[in-house]
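K.L.:
File follows, my_file-v6.pdb with PDB, C-alpha atoms, pLDDT in the B column:
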```pdb
ATOM      1  CA  MET A   1      18.017 -23.975  16.264  1.00 63.00           C
ATOM      2  CA  LYS A   2      21.425 -23.745  14.657  1.00 69.00           C
ATOM      3  CA  LYS A   3      22.690 -20.375  13.427  1.00 87.00           C
ATOM      4  CA  HIS A   4      23.598 -20.749   9.774  1.00 95.00           C
ATOM      5  CA  LYS A   5      25.975 -18.561   7.854  1.00 97.00           C
ATOM      6  CA  VAL A   6      24.585 -16.842   4.773  1.00 98.00           C
ATOM      7  CA  SER A   7      26.914 -19.041   2.679  1.00 98.00           C
ATOM      8  CA  GLU A   8      25.320 -22.237   4.041  1.00 98.00           C
ATOM      9  CA  ILE A   9      21.861 -20.950   3.163  1.00 98.00           C
ATOM     10  CA  VAL A  10      23.053 -20.073  -0.335  1.00 98.00           C
ATOM     11  CA  LYS A  11      24.367 -23.614  -0.761  1.00 98.00           C
ATOM     12  CA  ASN A  12      21.362 -25.399   0.727  1.00 97.00           C
ATOM     13  CA  LEU A  13      18.716 -23.434  -1.150  1.00 98.00           C
ATOM     14  CA  ASN A  14      20.717 -23.112  -4.356  1.00 98.00           C
ATOM     15  CA  LEU A  15      20.616 -19.292  -4.360  1.00 98.00           C
ATOM     16  CA  LYS A  16      22.536 -16.922  -6.577  1.00 98.00           C
ATOM     17  CA  VAL A  17      24.962 -14.464  -4.974  1.00 98.00           C
ATOM     18  CA  LEU A  18      24.259 -11.222  -6.875  1.00 98.00           C
ATOM     19  CA  SER A  19      26.571  -8.957  -4.864  1.00 98.00           C
ATOM     20  CA  GLY A  20      28.240  -8.396  -1.512  1.00 98.00           C
ATOM     21  CA  GLY A  21      30.000 -11.780  -1.451  1.00 97.00           C
ATOM     22  CA  GLU A  22      32.282 -10.445   1.266  1.00 97.00           C
ATOM     23  CA  GLY A  23      29.391 -10.754   3.716  1.00 98.00           C
ATOM     24  CA  LEU A  24      28.688 -14.455   3.164  1.00 98.00           C
ATOM     25  CA  ASP A  25      30.035 -15.290   6.628  1.00 98.00           C
ATOM     26  CA  ARG A  26      27.324 -13.211   8.321  1.00 97.00           C
ATOM     27  CA  LYS A  27      25.196 -15.176  10.790  1.00 97.00           C
ATOM     28  CA  VAL A  28      21.500 -15.670  10.083  1.00 97.00           C
ATOM     29  CA  SER A  29      19.006 -15.371  12.941  1.00 96.00           C
ATOM     30  CA  GLY A  30      15.849 -15.818  10.868  1.00 97.00           C
ATOM     31  CA  GLY A  31      13.926 -14.351   7.978  1.00 98.00           C
ATOM     32  CA  TYR A  32      11.513 -11.521   7.219  1.00 98.00           C
ATOM     33  CA  VAL A  33       9.227 -11.289   4.189  1.00 98.00           C
ATOM     34  CA  CYS A  34       7.773  -7.929   3.154  1.00 97.00           C
ATOM     35  CA  ASP A  35       7.872  -5.330   0.382  1.00 97.00           C
ATOM     36  CA  LEU A  36       6.802  -2.377   2.523  1.00 95.00           C
ATOM     37  CA  LEU A  37       9.966  -0.619   3.596  1.00 95.00           C
ATOM     38  CA  SER A  38       8.531   1.006   6.714  1.00 92.00           C
ATOM     39  CA  ASP A  39       7.307  -2.348   7.964  1.00 94.00           C
ATOM     40  CA  VAL A  40      10.735  -3.901   7.503  1.00 96.00           C
ATOM     41  CA  MET A  41      12.322  -0.876   9.164  1.00 94.00           C
ATOM     42  CA  GLY A  42       9.984  -1.144  12.128  1.00 91.00           C
ATOM     43  CA  ASN A  43       9.695  -4.893  12.577  1.00 93.00           C
ATOM     44  CA  SER A  44      12.657  -6.803  11.150  1.00 96.00           C
ATOM     45  CA  LYS A  45      15.362  -8.034  13.509  1.00 95.00           C
ATOM     46  CA  GLU A  46      19.137  -8.101  13.424  1.00 95.00           C
ATOM     47  CA  GLY A  47      20.566 -11.011  11.459  1.00 97.00           C
ATOM     48  CA  GLN A  48      17.453 -11.798   9.446  1.00 98.00           C
ATOM     49  CA  ILE A  49      17.410 -12.541   5.721  1.00 98.00           C
ATOM     50  CA  TRP A  50      14.970 -10.140   4.076  1.00 98.00           C
ATOM     51  CA  VAL A  51      12.907 -11.671   1.279  1.00 98.00           C
ATOM     52  CA  THR A  52      11.596  -9.004  -1.112  1.00 98.00           C
ATOM     53  CA  LEU A  53      11.038  -7.971  -4.718  1.00 97.00           C
ATOM     54  CA  GLN A  54      12.209  -4.381  -4.113  1.00 97.00           C
ATOM     55  CA  THR A  55      15.420  -3.764  -6.034  1.00 97.00           C
ATOM     56  CA  HIS A  56      16.211  -0.067  -5.469  1.00 96.00           C
ATOM     57  CA  LYS A  57      19.021   1.302  -3.328  1.00 96.00           C
ATOM     58  CA  ASN A  58      16.866   2.037  -0.283  1.00 96.00           C
ATOM     59  CA  VAL A  59      16.688  -1.669   0.548  1.00 97.00           C
ATOM     60  CA  MET A  60      20.401  -1.445   1.341  1.00 97.00           C
ATOM     61  CA  ALA A  61      19.842   1.501   3.669  1.00 96.00           C
ATOM     62  CA  ILE A  62      17.324  -0.558   5.610  1.00 96.00           C
ATOM     63  CA  ALA A  63      19.463  -3.703   5.612  1.00 97.00           C
ATOM     64  CA  SER A  64      22.393  -1.705   6.918  1.00 96.00           C
ATOM     65  CA  LEU A  65      20.462   0.320   9.518  1.00 95.00           C
ATOM     66  CA  ARG A  66      18.767  -2.838  10.852  1.00 95.00           C
ATOM     67  CA  ASP A  67      21.898  -5.033  10.612  1.00 96.00           C
ATOM     68  CA  LEU A  68      20.135  -7.609   8.446  1.00 98.00           C
ATOM     69  CA  ALA A  69      22.224 -10.607   7.334  1.00 98.00           C
ATOM     70  CA  ALA A  70      21.310 -10.476   3.637  1.00 98.00           C
ATOM     71  CA  ILE A  71      18.663  -9.502   1.107  1.00 98.00           C
ATOM     72  CA  LEU A  72      17.021 -12.244  -0.937  1.00 98.00           C
ATOM     73  CA  LEU A  73      15.391 -11.124  -4.181  1.00 98.00           C
ATOM     74  CA  ILE A  74      12.591 -13.301  -5.532  1.00 98.00           C
ATOM     75  CA  ASN A  75      11.104 -14.078  -8.970  1.00 98.00           C
ATOM     76  CA  GLY A  76      14.489 -13.691 -10.652  1.00 98.00           C
ATOM     77  CA  VAL A  77      14.554  -9.894 -10.296  1.00 98.00           C
ATOM     78  CA  ASN A  78      17.918  -8.129 -10.383  1.00 97.00           C
ATOM     79  CA  PRO A  79      19.124  -5.337  -8.095  1.00 98.00           C
ATOM     80  CA  ASP A  80      19.703  -1.824  -9.527  1.00 97.00           C
ATOM     81  CA  GLU A  81      23.308  -0.799 -10.257  1.00 97.00           C
ATOM     82  CA  ASP A  82      23.507   1.560  -7.273  1.00 96.00           C
ATOM     83  CA  THR A  83      21.970  -1.109  -5.029  1.00 97.00           C
ATOM     84  CA  ILE A  84      24.770  -3.487  -6.044  1.00 98.00           C
ATOM     85  CA  ALA A  85      27.402  -0.804  -5.368  1.00 97.00           C
ATOM     86  CA  GLN A  86      25.981  -0.144  -1.908  1.00 96.00           C
ATOM     87  CA  SER A  87      25.837  -3.880  -1.163  1.00 98.00           C
ATOM     88  CA  GLU A  88      29.554  -4.180  -1.974  1.00 97.00           C
ATOM     89  CA  THR A  89      30.380  -1.137   0.184  1.00 95.00           C
ATOM     90  CA  GLU A  90      28.384  -2.414   3.151  1.00 94.00           C
ATOM     91  CA  GLY A  91      29.411  -6.046   2.733  1.00 97.00           C
ATOM     92  CA  ILE A  92      25.791  -7.139   2.974  1.00 98.00           C
ATOM     93  CA  PRO A  93      25.033  -9.813   0.353  1.00 98.00           C
ATOM     94  CA  ILE A  94      22.176  -9.632  -2.121  1.00 98.00           C
ATOM     95  CA  LEU A  95      21.002 -13.122  -3.020  1.00 98.00           C
ATOM     96  CA  GLY A  96      18.632 -14.173  -5.767  1.00 98.00           C
ATOM     97  CA  THR A  97      16.159 -16.928  -6.572  1.00 98.00           C
ATOM     98  CA  ASP A  98      13.701 -17.586  -9.404  1.00 98.00           C
ATOM     99  CA  MET A  99      11.142 -18.779  -6.875  1.00 98.00           C
ATOM    100  CA  PRO A 100       8.281 -16.581  -5.623  1.00 98.00           C
ATOM    101  CA  ALA A 101       8.241 -15.344  -2.022  1.00 98.00           C
ATOM    102  CA  PHE A 102       5.905 -18.023  -0.621  1.00 98.00           C
ATOM    103  CA  GLU A 103       8.009 -20.923  -1.843  1.00 98.00           C
ATOM    104  CA  ILE A 104      11.417 -19.585  -0.920  1.00 98.00           C
ATOM    105  CA  ALA A 105      10.173 -18.386   2.477  1.00 98.00           C
ATOM    106  CA  GLY A 106       8.860 -21.897   3.185  1.00 98.00           C
ATOM    107  CA  LYS A 107      12.195 -23.480   2.301  1.00 98.00           C
ATOM    108  CA  LEU A 108      14.115 -20.864   4.280  1.00 97.00           C
ATOM    109  CA  TYR A 109      11.888 -21.387   7.320  1.00 97.00           C
ATOM    110  CA  GLU A 110      12.325 -25.144   7.153  1.00 96.00           C
ATOM    111  CA  LEU A 111      16.106 -24.865   6.857  1.00 96.00           C
ATOM    112  CA  ILE A 112      16.554 -22.301   9.633  1.00 94.00           C
ATOM    113  CA  ASN A 113      14.224 -24.046  12.086  1.00 90.00           C
ATOM    114  CA  LYS A 114      15.473 -27.585  11.420  1.00 83.00           C
TER     115      LYS A 114
ATOM    116  CA  MET B   1      29.171  16.347  30.874  1.00 59.00           C
ATOM    117  CA  MET B   2      30.441  16.488  27.333  1.00 69.00           C
ATOM    118  CA  GLU B   3      29.638  19.386  25.008  1.00 81.00           C
ATOM    119  CA  PRO B   4      26.742  18.433  22.755  1.00 88.00           C
ATOM    120  CA  MET B   5      28.005  17.103  19.443  1.00 95.00           C
ATOM    121  CA  HIS B   6      26.291  18.739  16.479  1.00 97.00           C
ATOM    122  CA  LEU B   7      25.743  17.033  13.120  1.00 97.00           C
ATOM    123  CA  GLN B   8      24.022  18.480  10.061  1.00 98.00           C
ATOM    124  CA  TYR B   9      22.853  16.935   6.793  1.00 98.00           C
ATOM    125  CA  GLU B  10      20.931  18.142   3.762  1.00 97.00           C
ATOM    126  CA  LEU B  11      18.237  16.347   1.791  1.00 97.00           C
ATOM    127  CA  GLU B  12      16.735  16.951  -1.636  1.00 97.00           C
ATOM    128  CA  GLY B  13      13.086  16.243  -2.334  1.00 96.00           C
ATOM    129  CA  GLY B  14      12.638  13.286  -4.676  1.00 95.00           C
ATOM    130  CA  ASN B  15      16.247  12.097  -4.369  1.00 95.00           C
ATOM    131  CA  PHE B  16      15.741   8.686  -2.792  1.00 94.00           C
ATOM    132  CA  THR B  17      19.343   7.625  -3.334  1.00 91.00           C
ATOM    133  CA  LYS B  18      20.382   9.887  -0.450  1.00 92.00           C
ATOM    134  CA  ALA B  19      17.635   8.776   1.938  1.00 94.00           C
ATOM    135  CA  GLY B  20      19.219   6.945   4.835  1.00 94.00           C
ATOM    136  CA  PHE B  21      22.645   8.556   4.566  1.00 95.00           C
ATOM    137  CA  ALA B  22      22.165  10.812   7.598  1.00 97.00           C
ATOM    138  CA  SER B  23      20.711   7.951   9.651  1.00 97.00           C
ATOM    139  CA  SER B  24      23.641   5.765   8.760  1.00 96.00           C
ATOM    140  CA  GLU B  25      26.162   8.482   9.743  1.00 96.00           C
ATOM    141  CA  ILE B  26      24.308   9.058  13.025  1.00 97.00           C
ATOM    142  CA  LYS B  27      24.343   5.321  13.666  1.00 96.00           C
ATOM    143  CA  LYS B  28      28.137   5.238  13.266  1.00 96.00           C
ATOM    144  CA  VAL B  29      28.571   8.055  15.787  1.00 96.00           C
ATOM    145  CA  LEU B  30      26.241   6.383  18.305  1.00 97.00           C
ATOM    146  CA  LYS B  31      28.132   3.100  17.946  1.00 95.00           C
ATOM    147  CA  GLN B  32      31.408   4.902  18.660  1.00 95.00           C
ATOM    148  CA  LEU B  33      29.788   6.405  21.758  1.00 95.00           C
ATOM    149  CA  ASN B  34      28.861   2.855  22.883  1.00 95.00           C
ATOM    150  CA  VAL B  35      25.138   3.569  22.952  1.00 96.00           C
ATOM    151  CA  ASP B  36      23.286   0.267  23.450  1.00 94.00           C
ATOM    152  CA  ALA B  37      21.937  -1.533  20.390  1.00 93.00           C
ATOM    153  CA  LYS B  38      18.256  -1.217  21.361  1.00 93.00           C
ATOM    154  CA  THR B  39      18.484   2.545  21.709  1.00 96.00           C
ATOM    155  CA  ILE B  40      20.405   2.862  18.431  1.00 96.00           C
ATOM    156  CA  LYS B  41      17.629   0.869  16.780  1.00 94.00           C
ATOM    157  CA  ARG B  42      14.962   3.265  18.045  1.00 96.00           C
ATOM    158  CA  ILE B  43      16.989   6.245  16.862  1.00 97.00           C
ATOM    159  CA  VAL B  44      17.726   4.955  13.362  1.00 96.00           C
ATOM    160  CA  VAL B  45      14.158   3.731  12.766  1.00 95.00           C
ATOM    161  CA  SER B  46      12.860   7.208  13.651  1.00 97.00           C
ATOM    162  CA  SER B  47      15.476   9.198  11.790  1.00 97.00           C
ATOM    163  CA  TYR B  48      15.193   7.030   8.678  1.00 97.00           C
ATOM    164  CA  GLU B  49      11.421   7.508   8.561  1.00 97.00           C
ATOM    165  CA  ALA B  50      11.840  11.260   8.977  1.00 98.00           C
ATOM    166  CA  GLU B  51      14.424  11.318   6.173  1.00 97.00           C
ATOM    167  CA  VAL B  52      12.100   9.405   3.859  1.00 97.00           C
ATOM    168  CA  ASN B  53       9.245  11.776   4.704  1.00 97.00           C
ATOM    169  CA  ILE B  54      11.328  14.725   3.496  1.00 97.00           C
ATOM    170  CA  VAL B  55      12.470  12.971   0.314  1.00 97.00           C
ATOM    171  CA  ALA B  56       8.962  11.695  -0.458  1.00 96.00           C
ATOM    172  CA  HIS B  57       7.025  14.895   0.260  1.00 97.00           C
ATOM    173  CA  ALA B  58       9.190  18.016   0.518  1.00 97.00           C
ATOM    174  CA  TYR B  59      11.370  20.050  -1.871  1.00 98.00           C
ATOM    175  CA  SER B  60      14.409  20.222   0.383  1.00 98.00           C
ATOM    176  CA  GLY B  61      15.296  19.665   4.004  1.00 98.00           C
ATOM    177  CA  ILE B  62      17.944  20.079   6.666  1.00 98.00           C
ATOM    178  CA  ILE B  63      18.608  17.623   9.463  1.00 98.00           C
ATOM    179  CA  ASN B  64      20.225  18.776  12.681  1.00 98.00           C
ATOM    180  CA  ALA B  65      21.275  16.353  15.401  1.00 98.00           C
ATOM    181  CA  TRP B  66      22.638  17.185  18.840  1.00 98.00           C
ATOM    182  CA  ILE B  67      24.078  14.380  20.945  1.00 97.00           C
ATOM    183  CA  ASP B  68      25.174  14.653  24.569  1.00 94.00           C
ATOM    184  CA  ASN B  69      25.626  12.103  27.377  1.00 92.00           C
ATOM    185  CA  GLU B  70      21.940  11.863  28.079  1.00 94.00           C
ATOM    186  CA  LYS B  71      20.054  12.237  24.849  1.00 96.00           C
ATOM    187  CA  ILE B  72      19.916  12.794  21.130  1.00 98.00           C
ATOM    188  CA  VAL B  73      17.782  15.630  19.795  1.00 98.00           C
ATOM    189  CA  LEU B  74      16.880  15.563  16.101  1.00 98.00           C
ATOM    190  CA  HIS B  75      15.278  18.311  14.011  1.00 98.00           C
ATOM    191  CA  PHE B  76      14.014  17.612  10.488  1.00 98.00           C
ATOM    192  CA  ASN B  77      13.239  20.944   8.899  1.00 98.00           C
ATOM    193  CA  ASP B  78      11.805  20.970   5.381  1.00 98.00           C
ATOM    194  CA  LYS B  79      10.558  23.360   2.755  1.00 98.00           C
ATOM    195  CA  GLY B  80       7.516  21.694   1.279  1.00 97.00           C
ATOM    196  CA  PRO B  81       3.761  21.402   1.060  1.00 97.00           C
ATOM    197  CA  GLY B  82       3.295  21.118   4.826  1.00 97.00           C
ATOM    198  CA  ILE B  83       0.793  18.870   6.611  1.00 97.00           C
ATOM    199  CA  PRO B  84      -2.769  20.255   6.647  1.00 96.00           C
ATOM    200  CA  ASP B  85      -3.973  17.831   9.332  1.00 96.00           C
ATOM    201  CA  ILE B  86      -1.239  16.509  11.618  1.00 96.00           C
ATOM    202  CA  GLU B  87      -3.621  14.326  13.626  1.00 96.00           C
ATOM    203  CA  MET B  88      -4.657  12.556  10.435  1.00 96.00           C
ATOM    204  CA  ALA B  89      -1.016  12.179   9.340  1.00 96.00           C
ATOM    205  CA  MET B  90      -0.259  10.475  12.670  1.00 96.00           C
ATOM    206  CA  GLN B  91      -2.832   7.748  11.959  1.00 96.00           C
ATOM    207  CA  ALA B  92      -1.338   4.435  10.879  1.00 94.00           C
ATOM    208  CA  GLY B  93      -2.223   3.727   7.259  1.00 94.00           C
ATOM    209  CA  TYR B  94      -2.968   7.330   6.275  1.00 95.00           C
ATOM    210  CA  SER B  95      -0.702   8.529   3.470  1.00 96.00           C
ATOM    211  CA  THR B  96      -0.582  11.179   0.761  1.00 95.00           C
ATOM    212  CA  ALA B  97       2.394   9.602  -1.036  1.00 95.00           C
ATOM    213  CA  SER B  98       2.398   9.459  -4.834  1.00 95.00           C
ATOM    214  CA  PRO B  99       1.871   6.172  -6.715  1.00 95.00           C
ATOM    215  CA  ALA B 100       5.562   6.204  -7.741  1.00 94.00           C
ATOM    216  CA  VAL B 101       6.664   6.476  -4.123  1.00 95.00           C
ATOM    217  CA  ARG B 102       4.254   3.680  -3.116  1.00 95.00           C
ATOM    218  CA  GLU B 103       5.628   1.438  -5.827  1.00 94.00           C
ATOM    219  CA  MET B 104       9.025   1.680  -4.141  1.00 95.00           C
ATOM    220  CA  GLY B 105       7.483   0.254  -0.981  1.00 95.00           C
ATOM    221  CA  PHE B 106       7.134   3.583   0.802  1.00 95.00           C
ATOM    222  CA  GLY B 107       3.974   5.544   1.524  1.00 93.00           C
ATOM    223  CA  ALA B 108       2.192   2.912   3.581  1.00 93.00           C
ATOM    224  CA  GLY B 109       1.257   5.475   6.194  1.00 94.00           C
ATOM    225  CA  MET B 110       3.622   3.975   8.741  1.00 93.00           C
ATOM    226  CA  GLY B 111       6.317   6.658   8.929  1.00 94.00           C
ATOM    227  CA  LEU B 112       5.012   9.032  11.578  1.00 95.00           C
ATOM    228  CA  PRO B 113       3.446   6.208  13.666  1.00 94.00           C
ATOM    229  CA  ASN B 114       6.835   4.391  13.564  1.00 94.00           C
ATOM    230  CA  ILE B 115       8.508   7.583  14.789  1.00 96.00           C
ATOM    231  CA  LYS B 116       5.951   8.084  17.562  1.00 96.00           C
ATOM    232  CA  ASN B 117       6.463   4.529  18.808  1.00 95.00           C
ATOM    233  CA  ASN B 118      10.220   4.899  19.048  1.00 96.00           C
ATOM    234  CA  VAL B 119      10.897   8.350  20.490  1.00 98.00           C
ATOM    235  CA  ASP B 120      10.569   9.805  23.992  1.00 98.00           C
ATOM    236  CA  LEU B 121       9.449  13.291  22.953  1.00 98.00           C
ATOM    237  CA  LEU B 122       7.893  14.293  19.636  1.00 98.00           C
ATOM    238  CA  GLU B 123       6.788  17.667  18.340  1.00 98.00           C
ATOM    239  CA  ILE B 124       5.549  18.440  14.832  1.00 98.00           C
ATOM    240  CA  ASN B 125       4.970  21.948  13.555  1.00 98.00           C
ATOM    241  CA  SER B 126       3.755  22.477  10.036  1.00 98.00           C
ATOM    242  CA  GLU B 127       2.556  25.287   7.831  1.00 98.00           C
ATOM    243  CA  VAL B 128       0.766  24.503   4.583  1.00 98.00           C
ATOM    244  CA  ASN B 129       2.765  25.568   1.492  1.00 97.00           C
ATOM    245  CA  LYS B 130       5.770  26.437   3.663  1.00 98.00           C
ATOM    246  CA  GLY B 131       7.110  23.349   5.344  1.00 98.00           C
ATOM    247  CA  THR B 132       7.309  21.064   8.324  1.00 98.00           C
ATOM    248  CA  LEU B 133       9.545  20.811  11.370  1.00 98.00           C
ATOM    249  CA  VAL B 134       9.659  17.416  13.074  1.00 98.00           C
ATOM    250  CA  LYS B 135      11.540  17.447  16.375  1.00 98.00           C
ATOM    251  CA  PHE B 136      12.185  14.448  18.575  1.00 98.00           C
ATOM    252  CA  THR B 137      14.313  13.412  21.503  1.00 98.00           C
ATOM    253  CA  ILE B 138      15.484   9.953  22.523  1.00 98.00           C
ATOM    254  CA  GLY B 139      17.206   9.302  25.849  1.00 97.00           C
ATOM    255  CA  LEU B 140      20.571   7.539  25.712  1.00 95.00           C
ATOM    256  CA  THR B 141      20.684   6.401  29.334  1.00 84.00           C
ATOM    257  CA  PRO B 142      18.486   3.613  30.778  1.00 68.00           C
ATOM    258  CA  GLU B 143      16.889   6.034  33.301  1.00 58.00           C
ATOM    259  CA  MET B 144      15.475   8.189  30.535  1.00 51.00           C
ATOM    260  CA  ASN B 145      13.882   5.284  28.648  1.00 48.00           C
TER     261      ASN B 145
END
```
Reformat the file's structure so that it appears as structure tokens.
P.N.:
Amino acid sequence: MKKHKVSEIVKNLNLKVLSGGEGLDRKVSGGYVCDLLSDVMGNSKEGQIWVTLQTHKNVMAIASLRDLAAILLINGVNPDEDTIAQSETEGIPILGTDMPAFEIAGKLYELINK
Amino acid sequence: MMEPMHLQYELEGGNFTKAGFASSEIKKVLKQLNVDAKTIKRIVVSSYEAEVNIVAHAYSGIINAWIDNEKIVLHFNDKGPGIPDIEMAMQAGYSTASPAVREMGFGAGMGLPNIKNNVDLLEINSEVNKGTLVKFTIGLTPEMN
């Protein structure tokens, strides 16, 4: 399994970079899909891309505390203003897709485990 | 033996934008002290959950942290509704969080269980209509873990 950079995943899966472009060189170890913040806090692992529809600032706190590689927002939702600001400060990218979680997670899994 | 380092932070009930700030500051200090990544993880998971508990349930709270060579001791002291049944609150999946808090992805009843699974010592004292004091200790050296 090859470790991709966030930027390669953006390119391969045609994702939008919504904020935190400075962090596009971060290395991706895998993915985690969940909208319950405590579950992500307890069970995600360093370097994962977190697929979620949560857009408020607390997702950045979790991404930063757990050293996640990036946040990937589904269904075309947009991050809140203060979430964007925190993403820029932390240098952790927020990515976006119009796809729902199941579809983008499948593509992400396939790409990462190729 | 170094003097214990003391850190203090304040939290406001309902102000979710500040939740995680104390944990993130504590994380920075622990990184500077070269605490290993696994231990830092256990500490930030626990302290973040305790921060969110205060913001989600209490009116205000104060966090005190003491760090020495061997351990970190954290006290989360809030003014709030208190916990009528601590044993129930410790059960995974039990929550009294409001619908608004649940919509944000909190309030799944995982906070206190997450804390319990990550700390070495845990003590919770609560008085209904007064507040709650959550105290925990995590060892920083391999022998204590």
K.L.:
Kindly provide the residues of chain B that approach chain A to within 9 Å, each paired with its closest atom pair and their distance in Å to one decimal, based on only C-alpha atoms, listed by chain and increasing number, as a Markdown table.
P.N.:
```
| residue | atom | partner | partner_atom | distance |
| --- | --- | --- | --- | --- |
| B:Phe16 | CA | A:Asn58 | CA | 7.2 |
| B:Thr17 | CA | A:Lys57 | CA | 6.3 |
| B:Lys18 | CA | A:Asn58 | CA | 8.6 |
| B:Ala19 | CA | A:Asn58 | CA | 7.1 |
| B:Gly20 | CA | A:Ala61 | CA | 5.6 |
| B:Phe21 | CA | A:Ala61 | CA | 7.6 |
| B:Ser23 | CA | A:Leu65 | CA | 7.6 |
| B:Ser24 | CA | A:Leu65 | CA | 6.4 |
| B:Lys27 | CA | A:Leu65 | CA | 7.6 |
| B:Lys41 | CA | A:Arg66 | CA | 7.1 |
| B:Arg42 | CA | A:Gly42 | CA | 8.9 |
| B:Val44 | CA | A:Leu65 | CA | 6.6 |
| B:Val45 | CA | A:Met41 | CA | 6.1 |
| B:Ser46 | CA | A:Gly42 | CA | 9.0 |
| B:Tyr48 | CA | A:Met41 | CA | 8.4 |
| B:Glu49 | CA | A:Ser38 | CA | 7.4 |
| B:Arg102 | CA | A:Leu36 | CA | 8.7 |
| B:Glu103 | CA | A:Gln54 | CA | 9.0 |
| B:Met104 | CA | A:Gln54 | CA | 6.8 |
| B:Gly105 | CA | A:Leu36 | CA | 4.4 |
| B:Phe106 | CA | A:Leu37 | CA | 5.8 |
| B:Gly107 | CA | A:Ser38 | CA | 8.3 |
| B:Ala108 | CA | A:Leu36 | CA | 7.1 |
| B:Gly109 | CA | A:Ser38 | CA | 8.6 |
| B:Met110 | CA | A:Ser38 | CA | 6.1 |
| B:Gly111 | CA | A:Ser38 | CA | 6.5 |
| B:Asn114 | CA | A:Gly42 | CA | 6.5 |
```
K.L.:
Do you know which residues are at most 6 Å from region 16-31 of chain A counting only C-alpha atoms, after dropping those on the same chain fewer than 5 positions away, and could you put them as a ChimeraX atom specification?
P.N.:
/A:3-7,47-50,69,84,87-88,91-96
K.L.:
What does the distance from CA of Ala63 (chain A) to CA of Asn15 (chain B) come to in Å, to one decimal?
P.N.:
19.0 Å
K.L.:
How far is it from CA of Ile62 (chain B) to CA of Glu10 (chain B), in Å with one decimal?
P.N.:
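Atom-to-atom, CA of Ile62 (chain B) and CA of Glu10 (chain B) are spaced 4.6 Å apart.
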K.L.:
Just to confirm, what's the straight-line distance from CA of Glu127 (chain B) to CA of Ile83 (chain B) in Å (one decimal)?
P.N.:
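Calculated distance between CA of Glu127 (chain B) and CA of Ile83 (chain B) is 6.8 Å.
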K.L.:
Extract, using all atoms listed in the file, all DNA, RNA and protein residues at most 12 Å from Thr141 (chain B), discarding same-chain residues fewer than 5 positions from it, and format them as a PDB file with C-alpha atoms, in the coordinates of the input.
P.N.:
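Below you can see result27.pdb, which holds the result:
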```
ATOM      1  CA  LEU B  33      29.788   6.405  21.758  1.00 95.00           C
ATOM      2  CA  ASN B  34      28.861   2.855  22.883  1.00 95.00           C
ATOM      3  CA  VAL B  35      25.138   3.569  22.952  1.00 96.00           C
ATOM      4  CA  ASP B  36      23.286   0.267  23.450  1.00 94.00           C
ATOM      5  CA  LYS B  38      18.256  -1.217  21.361  1.00 93.00           C
ATOM      6  CA  THR B  39      18.484   2.545  21.709  1.00 96.00           C
ATOM      7  CA  ILE B  40      20.405   2.862  18.431  1.00 96.00           C
ATOM      8  CA  ASP B  68      25.174  14.653  24.569  1.00 94.00           C
ATOM      9  CA  ASN B  69      25.626  12.103  27.377  1.00 92.00           C
ATOM     10  CA  GLU B  70      21.940  11.863  28.079  1.00 94.00           C
ATOM     11  CA  LYS B  71      20.054  12.237  24.849  1.00 96.00           C
ATOM     12  CA  ILE B  72      19.916  12.794  21.130  1.00 98.00           C
ATOM     13  CA  ASP B 120      10.569   9.805  23.992  1.00 98.00           C
TER      14      ASP B 120
END
```
K.L.:
Of the candidates A:Leu15, A:Ala85, A:Leu111, A:Ala101, which one gets nearest to Tyr32 (chain A) if we count only C-alpha atoms?
P.N.:
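Looking at the shortest contact to Tyr32 (chain A), the residue is A:Ala101.
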K.L.:
Give me the residues within 12 Å of Tyr59 (chain B) as a PyMOL selection string, counting only C-alpha atoms and dropping any in the same chain fewer than 4 places off.
P.N.:
chain B and resi 10-15+53-55+77-82+129-132
